[in-house]
>>> print(open('structure.cif').read())   # mmCIF, C-alpha atoms
data_entry
#
loop_
_atom_site.label_atom_id
_atom_site.label_comp_id
_atom_site.auth_asym_id
_atom_site.auth_seq_id
_atom_site.Cartn_x
_atom_site.Cartn_y
_atom_site.Cartn_z
CA MET A 36 12.83 -11.78 -43.62
CA GLU A 37 14.27 -8.62 -42.12
CA SER A 38 15.37 -7.23 -45.51
CA ARG A 39 11.75 -7.07 -46.67
CA HIS A 40 10.86 -4.50 -44.02
CA VAL A 41 11.12 -0.78 -44.52
CA THR A 42 13.97 0.57 -42.40
CA THR A 43 15.08 3.96 -41.21
CA PRO A 44 18.30 5.54 -42.44
CA PHE A 45 19.78 5.09 -38.96
CA GLY A 46 19.63 1.30 -38.78
CA ARG A 47 18.29 -1.92 -40.12
CA ARG A 48 15.47 -2.53 -37.63
CA PRO A 49 11.98 -2.54 -39.20
CA ILE A 50 9.50 0.25 -38.57
CA THR A 51 6.49 -1.12 -36.70
CA LEU A 52 3.12 0.34 -35.82
CA ALA A 53 4.14 0.24 -32.14
CA LEU A 54 7.13 2.49 -32.84
CA VAL A 55 4.98 4.91 -34.82
CA SER A 56 2.33 5.03 -32.07
CA ARG A 57 4.98 5.76 -29.42
CA GLN A 58 6.32 8.60 -31.49
CA ILE A 59 2.82 10.08 -31.77
CA ALA A 60 2.19 9.61 -28.02
CA THR A 61 5.19 11.77 -27.11
CA LYS A 62 3.32 14.78 -28.48
CA GLU A 63 0.69 14.36 -25.75
CA ILE A 64 3.02 14.87 -22.77
CA ARG A 65 1.82 17.53 -20.33
CA SER A 66 3.44 20.88 -20.97
CA ASP A 67 4.50 21.26 -17.30
CA LYS A 68 5.91 17.78 -16.84
CA THR A 69 9.56 17.44 -15.72
CA THR A 70 11.78 14.67 -14.41
CA ASP A 71 15.42 14.22 -13.42
CA LYS A 72 17.24 12.56 -16.29
CA TRP A 73 19.62 10.57 -14.09
CA LYS A 74 16.77 9.26 -11.94
CA VAL A 75 15.05 8.00 -15.10
CA LEU A 76 18.32 6.33 -16.10
CA ARG A 77 18.57 4.62 -12.69
CA ASP A 78 14.97 3.42 -12.92
CA ALA A 79 15.55 2.09 -16.44
CA SER A 80 18.68 0.32 -15.19
CA GLU A 81 16.71 -1.38 -12.42
CA ALA A 82 13.95 -2.37 -14.86
CA ARG A 83 16.27 -3.54 -17.64
CA LYS A 84 15.00 -7.13 -17.53
CA PHE A 85 11.43 -5.97 -18.05
CA LEU A 86 12.60 -3.77 -20.92
CA GLY A 87 14.76 -6.45 -22.54
CA LEU A 88 17.93 -4.37 -22.27
CA GLN A 89 21.55 -5.24 -21.56
CA ASP A 90 24.26 -3.33 -19.72
CA ARG A 91 25.67 -2.03 -23.02
CA SER A 92 22.24 -0.64 -23.94
CA LEU A 93 22.18 1.34 -20.70
CA ALA A 94 25.71 2.63 -21.36
CA VAL A 95 24.51 3.96 -24.73
CA LEU A 96 21.44 5.53 -23.07
CA GLU A 97 23.70 7.21 -20.50
CA ALA A 98 25.85 8.55 -23.33
CA LEU A 99 22.77 9.97 -25.10
CA LEU A 100 21.59 11.68 -21.90
CA SER A 101 25.02 13.24 -21.43
CA PHE A 102 24.45 15.22 -24.67
CA TYR A 103 21.30 16.77 -23.18
CA PRO A 104 22.58 19.93 -21.41
CA GLU A 105 19.96 20.22 -18.65
CA SER A 106 19.67 18.02 -15.55
CA GLU A 107 15.90 17.81 -15.95
CA LEU A 108 13.90 16.62 -18.93
CA ARG A 109 11.00 19.01 -19.52
CA ARG A 110 8.35 19.20 -22.19
CA GLY A 111 9.06 22.77 -23.26
CA CYS A 112 12.75 22.15 -23.96
CA GLN A 113 14.51 20.69 -26.97
CA LEU A 114 14.63 16.95 -26.15
CA VAL A 115 16.36 15.81 -29.35
CA VAL A 116 20.09 15.05 -29.11
CA PHE A 117 22.13 14.71 -32.29
CA PRO A 118 25.61 13.29 -31.54
CA SER A 119 27.57 11.55 -34.26
CA ASN A 120 28.45 7.87 -33.95
CA VAL A 121 32.04 8.86 -33.20
CA GLN A 122 30.97 11.08 -30.30
CA LEU A 123 28.62 8.38 -28.98
CA THR A 124 31.34 5.76 -29.20
CA LEU A 125 33.69 7.88 -27.11
CA ARG A 126 31.11 8.55 -24.38
CA ALA A 127 29.93 4.92 -24.39
CA HIS A 128 33.41 3.74 -23.34
CA GLY A 129 34.71 2.89 -26.81
CA ILE A 130 31.87 0.64 -27.90
CA ALA A 131 32.25 -0.77 -31.43
CA GLY A 132 30.24 0.80 -34.26
CA ALA A 133 28.14 -2.30 -35.04
CA THR A 134 27.47 -2.86 -31.34
CA LEU A 135 26.48 0.80 -30.95
CA ARG A 136 23.93 0.56 -33.76
CA ARG A 137 22.48 -2.67 -32.32
CA HIS A 138 21.95 -1.16 -28.87
CA LEU A 139 20.49 2.04 -30.28
CA ALA A 140 17.94 -0.13 -32.06
CA LEU A 141 17.22 -1.98 -28.78
CA LEU A 142 16.58 1.32 -27.01
CA VAL A 143 14.16 2.31 -29.76
CA GLU A 144 12.35 -1.07 -29.52
CA ALA A 145 12.15 -0.75 -25.73
CA GLY A 146 10.37 2.59 -26.20
CA LEU A 147 12.97 4.70 -24.38
CA ILE A 148 14.02 6.84 -27.34
CA VAL A 149 12.54 7.73 -30.73
CA ARG A 150 14.42 8.38 -33.94
CA LYS A 151 13.71 11.75 -35.50
CA ASP A 152 14.93 11.48 -39.08
CA SER A 153 16.15 14.28 -41.30
CA ALA A 154 15.65 14.30 -45.05
CA ASN A 155 19.16 13.02 -45.72
CA GLY A 156 19.41 10.75 -42.69
CA LYS A 157 21.99 12.93 -40.96
CA ARG A 158 21.86 14.09 -37.33
CA TYR A 159 22.10 17.83 -36.93
CA ALA A 160 20.42 20.92 -35.48
CA ARG A 161 19.07 23.94 -37.32
CA LYS A 162 19.61 27.18 -35.41
CA ASN A 163 17.97 30.62 -35.74
CA LYS A 164 19.75 33.96 -35.97
CA SER A 165 20.13 34.21 -32.20
CA GLY A 166 21.90 30.85 -32.07
CA SER A 167 19.06 28.92 -30.42
CA VAL A 168 18.17 25.47 -31.75
CA GLU A 169 15.11 25.79 -33.92
CA SER A 170 14.80 22.13 -34.90
CA ALA A 171 16.99 19.08 -34.47
CA PHE A 172 17.24 15.63 -35.99
CA GLY A 173 18.64 12.64 -34.13
CA PHE A 174 17.30 10.83 -31.06
CA ASP A 175 14.26 12.17 -29.21
CA LEU A 176 14.37 11.61 -25.41
CA SER A 177 10.68 12.42 -24.95
CA PRO A 178 9.70 8.79 -24.24
CA LEU A 179 11.84 8.89 -21.07
CA LEU A 180 9.87 11.89 -19.85
CA MET A 181 6.55 10.35 -20.89
CA ARG A 182 7.28 7.00 -19.17
CA ALA A 183 9.03 8.33 -16.03
CA GLU A 184 6.32 7.11 -13.63
CA GLU A 185 6.04 3.75 -15.39
CA LEU A 186 9.80 3.19 -15.19
CA ALA A 187 9.82 4.18 -11.52
CA GLN A 188 7.06 1.65 -10.81
CA MET A 189 9.00 -1.06 -12.68
CA ALA A 190 12.10 -0.23 -10.62
CA ARG A 191 10.14 -0.50 -7.35
CA ARG A 192 8.77 -3.86 -8.42
CA VAL A 193 12.25 -5.15 -9.26
CA CYS A 194 13.53 -3.91 -5.89
CA ALA A 195 10.64 -5.57 -4.03
CA ASP A 196 11.20 -8.83 -5.90
CA ARG A 197 14.90 -8.71 -5.05
CA ILE A 198 14.19 -8.17 -1.35
CA ALA A 199 11.61 -10.98 -1.33
CA TYR A 200 14.08 -13.28 -3.10
CA ARG A 201 16.86 -12.51 -0.62
CA ARG A 202 14.56 -13.06 2.37
CA ALA A 203 13.24 -16.34 0.99
CA LYS A 204 16.79 -17.52 0.35
CA GLU A 205 17.89 -16.54 3.87
CA ASP A 206 14.84 -18.20 5.45
CA LEU A 207 15.50 -21.41 3.52
CA THR A 208 19.17 -21.40 4.57
CA ILE A 209 18.30 -20.86 8.25
CA CYS A 210 15.58 -23.52 8.20
CA ARG A 211 17.92 -25.92 6.42
CA ARG A 212 20.61 -25.41 9.08
CA ASP A 213 18.07 -25.89 11.89
CA VAL A 214 16.91 -29.22 10.45
CA ARG A 215 20.50 -30.37 9.91
CA LYS A 216 21.53 -29.53 13.49
CA LEU A 217 18.44 -31.07 15.06
CA ILE A 218 18.69 -34.35 13.14
CA SER A 219 22.46 -34.59 13.76
CA ALA A 220 21.99 -33.95 17.48
CA ALA A 221 19.17 -36.50 17.73
CA ILE A 222 21.18 -39.19 15.93
CA GLY A 223 24.32 -38.40 17.94
CA GLU A 224 22.45 -38.67 21.23
CA GLY A 225 20.60 -41.83 20.24
CA ALA A 226 17.17 -40.24 20.65
CA ASP A 227 14.15 -42.35 19.78
CA GLY A 228 12.65 -41.61 16.36
CA HIS A 229 12.78 -42.52 12.68
CA TRP A 230 15.83 -40.32 12.10
CA GLN A 231 17.21 -42.18 9.08
CA LYS A 232 13.94 -41.60 7.26
CA LEU A 233 13.97 -37.92 8.20
CA GLU A 234 17.63 -37.70 7.17
CA SER A 235 16.77 -39.10 3.74
CA ALA A 236 13.90 -36.63 3.36
CA TYR A 237 16.27 -33.77 4.27
CA VAL A 238 18.93 -34.88 1.79
CA GLU A 239 16.32 -35.16 -0.97
CA LEU A 240 15.03 -31.65 -0.24
CA VAL A 241 18.54 -30.20 -0.37
CA ARG A 242 19.22 -32.04 -3.63
CA ARG A 243 16.16 -30.39 -5.20
CA ILE A 244 17.43 -26.84 -4.56
CA PRO A 245 18.37 -25.48 -8.02
CA ARG A 246 21.67 -23.72 -8.58
CA ALA A 247 19.79 -20.56 -9.64
CA PRO A 248 16.33 -20.95 -8.07
CA LEU A 249 13.34 -18.78 -8.87
CA LEU A 250 11.35 -17.09 -6.10
CA SER A 251 8.55 -19.64 -6.57
CA ASP A 252 11.10 -22.46 -6.18
CA LEU A 253 12.35 -20.98 -2.90
CA HIS A 254 8.85 -20.57 -1.49
CA GLY A 255 7.91 -24.16 -2.32
CA LEU A 256 11.10 -25.64 -0.87
CA LEU A 257 10.88 -23.43 2.22
CA GLY A 258 7.36 -24.69 2.93
CA GLU A 259 8.53 -28.32 2.72
CA MET A 260 11.63 -27.64 4.84
CA GLU A 261 9.54 -25.93 7.53
CA MET A 262 7.19 -28.92 7.64
CA LEU A 263 10.20 -31.22 8.07
CA ARG A 264 11.56 -29.02 10.87
CA GLU A 265 8.18 -29.04 12.60
CA GLU A 266 8.08 -32.83 12.44
CA VAL A 267 11.57 -33.12 13.95
CA VAL A 268 10.73 -30.61 16.70
CA ASN A 269 7.49 -32.43 17.53
CA ILE A 270 9.34 -35.73 17.96
CA LEU A 271 11.96 -34.14 20.22
CA ASP A 272 9.30 -32.23 22.16
CA ILE A 273 7.27 -35.39 22.80
CA LYS A 274 10.39 -37.18 24.01
CA GLN A 275 11.35 -34.30 26.28
CA LYS A 276 7.86 -34.11 27.77
CA ALA A 277 7.98 -37.84 28.46
CA GLU A 278 11.28 -37.37 30.29
CA PHE A 279 9.80 -34.53 32.36
CA LEU A 280 6.74 -36.62 33.26
CA SER A 281 8.94 -39.53 34.27
CA ALA A 282 11.12 -37.27 36.41
CA ASN A 283 8.08 -35.69 38.06
CA ASP A 284 6.59 -39.10 38.91
CA ASP A 285 9.83 -40.05 40.67
CA GLN A 286 9.86 -36.85 42.73
CA ASN A 287 6.17 -36.60 43.66
CA GLU A 288 6.75 -37.51 47.29
CA HIS A 289 9.58 -35.00 47.60
CA HIS A 290 7.43 -32.16 46.27
CA LYS A 291 4.52 -33.06 48.52
CA GLN A 292 6.76 -32.45 51.54
CA SER A 293 7.19 -28.79 50.58
CA SER A 294 4.24 -26.62 51.58
CA ASN A 295 6.08 -23.39 50.63
CA THR A 296 6.95 -24.25 47.04
CA GLU A 297 5.28 -21.81 44.64
CA SER A 298 4.28 -22.87 41.14
CA LEU A 299 5.84 -20.90 38.31
CA TYR A 300 2.48 -20.17 36.76
CA GLU A 301 1.15 -18.71 40.05
CA LEU A 302 3.79 -15.97 40.25
CA GLU A 303 2.58 -12.42 39.69
CA PRO A 304 4.82 -9.98 37.72
CA GLY A 305 5.54 -7.78 40.74
CA ARG A 306 6.13 -10.38 43.42
CA ASP A 307 9.44 -10.96 45.17
CA VAL A 308 11.61 -13.61 43.50
CA GLU A 309 14.58 -15.44 44.94
CA GLU A 310 17.55 -15.68 42.59
CA ARG A 311 20.09 -17.60 44.61
CA ALA A 312 20.23 -21.40 44.61
CA MET A 313 20.82 -22.90 48.06
CA PRO A 314 23.67 -25.40 48.61
CA CYS A 315 22.45 -28.93 48.00
CA GLN A 316 22.99 -30.06 51.59
CA ASN A 317 20.70 -27.28 52.90
CA ARG A 318 17.91 -27.81 50.35
CA GLU A 319 15.46 -29.86 52.33
CA PRO A 320 12.55 -29.19 50.22
CA ILE A 321 13.63 -27.12 47.17
CA ALA A 322 11.60 -23.91 46.96
CA LEU A 323 13.09 -22.27 43.89
CA LYS A 324 11.49 -19.25 42.30
CA VAL A 325 12.17 -17.81 38.87
CA PHE A 326 12.78 -14.40 37.34
CA PRO A 327 10.04 -12.40 35.64
CA LEU A 328 9.50 -13.60 32.08
CA ASP A 329 9.62 -10.05 30.69
CA MET A 330 13.07 -9.52 32.19
CA VAL A 331 14.35 -12.81 30.75
CA LEU A 332 13.09 -12.01 27.25
CA ARG A 333 14.57 -8.52 27.30
CA ALA A 334 17.92 -9.94 28.34
CA CYS A 335 17.73 -12.94 25.97
CA PRO A 336 15.67 -11.98 22.89
CA GLU A 337 17.32 -14.59 20.62
CA ILE A 338 15.30 -17.47 22.06
CA VAL A 339 11.97 -15.90 21.07
CA ALA A 340 12.39 -17.09 17.46
CA TYR A 341 12.34 -20.72 18.65
CA GLY A 342 9.08 -20.46 20.57
CA PRO A 343 5.75 -21.78 19.21
CA ASN A 344 4.91 -19.78 16.07
CA GLY A 345 8.03 -17.68 16.59
CA ARG A 346 6.93 -16.10 19.89
CA VAL A 347 7.25 -16.66 23.64
CA ALA A 348 4.14 -15.59 25.52
CA SER A 349 4.44 -17.79 28.60
CA TRP A 350 6.90 -19.82 30.63
CA ARG A 351 5.58 -22.94 28.95
CA ASP A 352 6.55 -21.40 25.58
CA LEU A 353 10.03 -20.60 26.92
CA THR A 354 10.49 -24.17 28.14
CA SER A 355 9.41 -25.55 24.74
CA ALA A 356 11.84 -23.20 22.99
CA SER A 357 14.69 -24.30 25.28
CA VAL A 358 14.08 -27.94 24.29
CA ILE A 359 14.73 -27.02 20.66
CA VAL A 360 17.68 -24.75 21.38
CA LYS A 361 19.47 -27.17 23.70
CA SER A 362 19.66 -29.76 20.92
CA MET A 363 20.94 -27.13 18.48
CA LEU A 364 23.61 -26.04 20.96
CA GLY A 365 24.73 -29.63 21.52
CA VAL A 366 23.51 -29.87 25.13
CA THR A 367 22.78 -33.53 25.89
CA PRO A 368 19.45 -34.58 27.42
CA SER A 369 21.27 -35.74 30.55
CA ALA A 370 22.96 -32.34 31.04
CA TYR A 371 19.65 -30.56 30.52
CA GLN A 372 17.80 -32.93 32.90
CA GLU A 373 20.51 -32.44 35.53
CA ALA A 374 19.94 -28.67 35.34
CA CYS A 375 16.18 -29.16 35.58
CA ASP A 376 16.62 -31.30 38.69
CA ALA A 377 19.01 -28.79 40.29
CA ILE A 378 17.33 -25.45 39.60
CA GLY A 379 13.94 -26.36 38.11
CA PRO A 380 12.85 -26.61 34.46
CA GLU A 381 12.00 -22.91 34.23
CA ASN A 382 15.41 -21.75 35.45
CA ALA A 383 17.03 -24.36 33.22
CA ALA A 384 15.18 -22.78 30.30
CA VAL A 385 16.52 -19.37 31.37
CA MET A 386 20.03 -20.81 31.50
CA ILE A 387 19.62 -22.14 27.94
CA ALA A 388 18.40 -18.70 26.82
CA CYS A 389 21.49 -17.07 28.38
CA ILE A 390 23.83 -19.59 26.74
CA LEU A 391 22.16 -19.00 23.35
CA GLU A 392 22.67 -15.26 23.76
CA ARG A 393 26.41 -15.83 24.29
CA ALA A 394 26.76 -18.86 21.99
CA GLY A 395 29.45 -17.18 19.89
CA HIS A 396 31.73 -16.95 22.94
CA ILE A 397 31.16 -20.51 24.30
CA ASN A 398 33.09 -23.45 22.85
CA SER A 399 31.06 -26.26 24.44
CA ALA A 400 27.54 -25.33 25.49
CA GLY A 401 26.94 -28.76 27.06
CA GLY A 402 30.08 -28.62 29.21
CA TYR A 403 29.37 -25.02 30.13
CA MET A 404 25.85 -25.91 31.29
CA ARG A 405 27.10 -28.81 33.40
CA ALA A 406 29.64 -26.49 35.06
CA LEU A 407 26.96 -23.89 35.85
CA THR A 408 24.64 -26.59 37.18
CA SER A 409 27.40 -27.90 39.44
CA LYS A 410 28.08 -24.39 40.77
CA SER A 411 24.36 -23.85 41.33
CA LYS A 412 24.19 -26.99 43.47
CA ARG A 413 26.99 -25.60 45.63
CA GLY A 414 25.33 -22.19 45.86
CA GLN A 415 28.17 -20.59 43.90
CA PHE A 416 26.18 -19.46 40.86
CA SER A 417 23.07 -17.37 40.33
CA LEU A 418 21.28 -16.45 37.11
CA GLY A 419 20.54 -12.93 38.37
CA PRO A 420 23.98 -11.36 37.66
CA VAL A 421 24.06 -13.08 34.25
CA LEU A 422 20.72 -11.60 33.24
CA MET A 423 21.69 -8.16 34.50
CA SER A 424 24.98 -8.35 32.56
CA LEU A 425 23.08 -9.19 29.37
CA LEU A 426 20.67 -6.33 30.01
CA ARG A 427 23.55 -3.89 30.52
CA ALA A 428 25.17 -5.09 27.30
CA LYS A 429 21.96 -4.10 25.49
CA GLY A 430 21.94 -0.68 27.16
CA ILE A 431 19.09 -1.56 29.55
CA SER A 432 19.67 -0.40 33.13
CA ALA A 433 18.33 -2.05 36.24
CA ARG A 434 16.25 1.08 36.94
CA SER A 435 14.74 0.84 33.45
CA VAL A 436 13.80 -2.79 34.02
CA HIS A 437 12.28 -1.90 37.38
CA ASP A 438 10.30 0.99 35.89
CA HIS A 439 8.80 -1.36 33.30
CA GLY A 440 7.66 -3.76 35.99
CA ALA A 441 10.16 -6.50 35.23
CA LEU A 442 11.72 -6.38 38.69
CA PRO A 443 9.95 -6.18 42.04
#
>>> encode(input="structure.cif", output="structure tokens")
Amino acid sequence: MESRHVTTPFGRRPITLALVSRQIATKEIRSDKTTDKWKVLRDASEARKFLGLQDRSLAVLEALLSFYPESELRRGCQLVVFPSNVQLTLRAHGIAGATLRRHLALLVEAGLIVRKDSANGKRYARKNKSGSVESAFGFDLSPLLMRAEELAQMARRVCADRIAYRRAKEDLTICRRDVRKLISAAIGEGADGHWQKLESAYVELVRRIPRAPLLSDLHGLLGEMEMLREEVVNILDIKQKAEFLSANDDQNEHHKQSSNTESLYELEPGRDVEERAMPCQNREPIALKVFPLDMVLRACPEIVAYGPNGRVASWRDLTSASVIVKSMLGVTPSAYQEACDAIGPENAAVMIACILERAGHINSAGGYMRALTSKSKRGQFSLGPVLMSLLRAKGISARSVHDHGALP
């Protein structure tokens, strides 16, 4: 029992070999070592969970440091403070006497302070004839100086863990929203796929998220949610590719009639590109060209996150990303296919990227895309001014784009 242990006159906590060894270790601090006392306090505050301390303990430690007159703790100075319990109570925001003694004992156990006992158990200082403190009895702050680097390392670890936790939580939230939107859009549009099974898997994953998850919990759930999102995207991507193949089969003869049509993947970065869509009655064979990919990505960087492995390195990647984004925005397959037929799949992907960039200002992305497609058919809309407007909004001038080789 606790009463069987030998205790100091300042409290009822037992003296342990660890406490004695810490007190001896403080005598080995380098003579030139210094540290800012408030920085040590901040580091100890950050690392309080590692140290087993509470907020009240840190308030008591702050009060003790306030009795040390210098801003820096240094080996050659008198590091023993000797306030009375009444003075400590006042500076610790009126903490109760019993609570004060308990938190002083916790600070001693955490190895942040050491008791330096007098013969009668009182806290006081003995001064010489000149008035300088010759010796003092109370609480020795040397452990803070000795452990300054260790506490700073603990604080950095806590900060890194907090950042990792916040990022994992944000990533899980974003992934969770993506899966929810994709499944809802697929079910609402009647897309082929085992959506009820995927919906059940999603609901079960969400149910398993703890109210106060650990970092390991978040990483595990994020991995499962990303796998679910990948499965949903693969199903939608396969369906979209099938639609494109079907559409291409129907239009093979039409494309064969055009000897001037240039493939998207044959365009060189510096070649001349046509940005205006011809009226539908004048489009005998359609010979649409597209804008440079670099220009599109600089104007619409948001879509890059939805490309394969989070990047867009080719027009094929941009088209794949637009398939994912159009479902998230609520653009129906028919509206997207209509745009592909009117201005080509690559320009339709650019249109999706532009809509995503301005999604916060558009109430109905599907209706907006149909309206733009209709204007494109009549020759009343071009993607060029839209891209340039987005570039200007990001502080990128047309001359800057030209200098970087994004415009011919």
>>> resolve_selection(input="structure.cif", expression="the PyMOL selection byres ((chain A and resi 217) around 12)", output="ChimeraX atom specification")
/A:210-216,218-224,226,230,233-234,237,263-272,358-367
>>> resolve_selection(input="structure.cif", expression="the PyMOL selection byres ((chain A and resi 381) around 12)", output="PDB file with C-alpha atoms, keeping the file's coordinate frame")
ATOM      1  CA  PHE A 279       9.800 -34.530  32.360  1.00  0.00           C
ATOM      2  CA  SER A 298       4.280 -22.870  41.140  1.00  0.00           C
ATOM      3  CA  LEU A 299       5.840 -20.900  38.310  1.00  0.00           C
ATOM      4  CA  TYR A 300       2.480 -20.170  36.760  1.00  0.00           C
ATOM      5  CA  LEU A 323      13.090 -22.270  43.890  1.00  0.00           C
ATOM      6  CA  LYS A 324      11.490 -19.250  42.300  1.00  0.00           C
ATOM      7  CA  VAL A 325      12.170 -17.810  38.870  1.00  0.00           C
ATOM      8  CA  PHE A 326      12.780 -14.400  37.340  1.00  0.00           C
ATOM      9  CA  PRO A 327      10.040 -12.400  35.640  1.00  0.00           C
ATOM     10  CA  LEU A 328       9.500 -13.600  32.080  1.00  0.00           C
ATOM     11  CA  VAL A 331      14.350 -12.810  30.750  1.00  0.00           C
ATOM     12  CA  SER A 349       4.440 -17.790  28.600  1.00  0.00           C
ATOM     13  CA  TRP A 350       6.900 -19.820  30.630  1.00  0.00           C
ATOM     14  CA  ARG A 351       5.580 -22.940  28.950  1.00  0.00           C
ATOM     15  CA  ASP A 352       6.550 -21.400  25.580  1.00  0.00           C
ATOM     16  CA  LEU A 353      10.030 -20.600  26.920  1.00  0.00           C
ATOM     17  CA  THR A 354      10.490 -24.170  28.140  1.00  0.00           C
ATOM     18  CA  SER A 355       9.410 -25.550  24.740  1.00  0.00           C
ATOM     19  CA  ALA A 356      11.840 -23.200  22.990  1.00  0.00           C
ATOM     20  CA  SER A 357      14.690 -24.300  25.280  1.00  0.00           C
ATOM     21  CA  VAL A 358      14.080 -27.940  24.290  1.00  0.00           C
ATOM     22  CA  TYR A 371      19.650 -30.560  30.520  1.00  0.00           C
ATOM     23  CA  GLN A 372      17.800 -32.930  32.900  1.00  0.00           C
ATOM     24  CA  ALA A 374      19.940 -28.670  35.340  1.00  0.00           C
ATOM     25  CA  CYS A 375      16.180 -29.160  35.580  1.00  0.00           C
ATOM     26  CA  ASP A 376      16.620 -31.300  38.690  1.00  0.00           C
ATOM     27  CA  ALA A 377      19.010 -28.790  40.290  1.00  0.00           C
ATOM     28  CA  ILE A 378      17.330 -25.450  39.600  1.00  0.00           C
ATOM     29  CA  GLY A 379      13.940 -26.360  38.110  1.00  0.00           C
ATOM     30  CA  PRO A 380      12.850 -26.610  34.460  1.00  0.00           C
ATOM     31  CA  ASN A 382      15.410 -21.750  35.450  1.00  0.00           C
ATOM     32  CA  ALA A 383      17.030 -24.360  33.220  1.00  0.00           C
ATOM     33  CA  ALA A 384      15.180 -22.780  30.300  1.00  0.00           C
ATOM     34  CA  VAL A 385      16.520 -19.370  31.370  1.00  0.00           C
ATOM     35  CA  MET A 386      20.030 -20.810  31.500  1.00  0.00           C
ATOM     36  CA  ILE A 387      19.620 -22.140  27.940  1.00  0.00           C
ATOM     37  CA  ALA A 388      18.400 -18.700  26.820  1.00  0.00           C
ATOM     38  CA  LEU A 418      21.280 -16.450  37.110  1.00  0.00           C
TER      39      LEU A 418
END
>>> residues_near_point(input="structure.cif", point="(29.9, 4.8, -25.5)", cutoff="12 Å", atoms="all atoms listed in the file", output="count of residues only")
33
>>> atom_distance(input="structure.cif", atom1="atom CA of A:Arg109", atom2="atom CA of A:Gly87")
25.9 Å
>>> atom_distance(input="structure.cif", atom1="atom CA of A:Ser235", atom2="atom CA of A:Tyr200")
26.8 Å
>>> residues_near_point(input="structure.cif", point="(16.8, 9.7, -30.8)", cutoff="8 Å", atoms="only C-alpha atoms", output="NGL selection string")
:A and (115-117 or 143 or 148-151 or 172-176)
>>> write_last_selection(input="structure.cif", atoms="C-alpha atoms", output="PDB file, keeping the file's coordinate frame")
ATOM      1  CA  VAL A 115      16.360  15.810 -29.350  1.00  0.00           C
ATOM      2  CA  VAL A 116      20.090  15.050 -29.110  1.00  0.00           C
ATOM      3  CA  PHE A 117      22.130  14.710 -32.290  1.00  0.00           C
ATOM      4  CA  VAL A 143      14.160   2.310 -29.760  1.00  0.00           C
ATOM      5  CA  ILE A 148      14.020   6.840 -27.340  1.00  0.00           C
ATOM      6  CA  VAL A 149      12.540   7.730 -30.730  1.00  0.00           C
ATOM      7  CA  ARG A 150      14.420   8.380 -33.940  1.00  0.00           C
ATOM      8  CA  LYS A 151      13.710  11.750 -35.500  1.00  0.00           C
ATOM      9  CA  PHE A 172      17.240  15.630 -35.990  1.00  0.00           C
ATOM     10  CA  GLY A 173      18.640  12.640 -34.130  1.00  0.00           C
ATOM     11  CA  PHE A 174      17.300  10.830 -31.060  1.00  0.00           C
ATOM     12  CA  ASP A 175      14.260  12.170 -29.210  1.00  0.00           C
ATOM     13  CA  LEU A 176      14.370  11.610 -25.410  1.00  0.00           C
TER      14      LEU A 176
END
>>> closest_residue(input="structure.cif", among="A:Ser424, A:Ser417, A:Ser177, A:Ser369", to="A:Arg393", atoms="only C-alpha atoms")
A:Ser424
>>> closest_residue(input="structure.cif", among="A:Pro343, A:Gly255, A:Pro336, A:Gly401", to="A:Cys389", atoms="all atoms listed in the file")
A:Pro336
>>> atom_distance(input="structure.cif", atom1="atom CA of A:Ala334", atom2="atom CA of A:Leu425")
5.3 Å
>>> residues_around(input="structure.cif", residues="A:Leu147", least_positions_apart="3", cutoff="7 Å", atoms="all atoms listed in the file", output="list in words")
Leu142, Val143, Pro178 and Leu179 of chain A
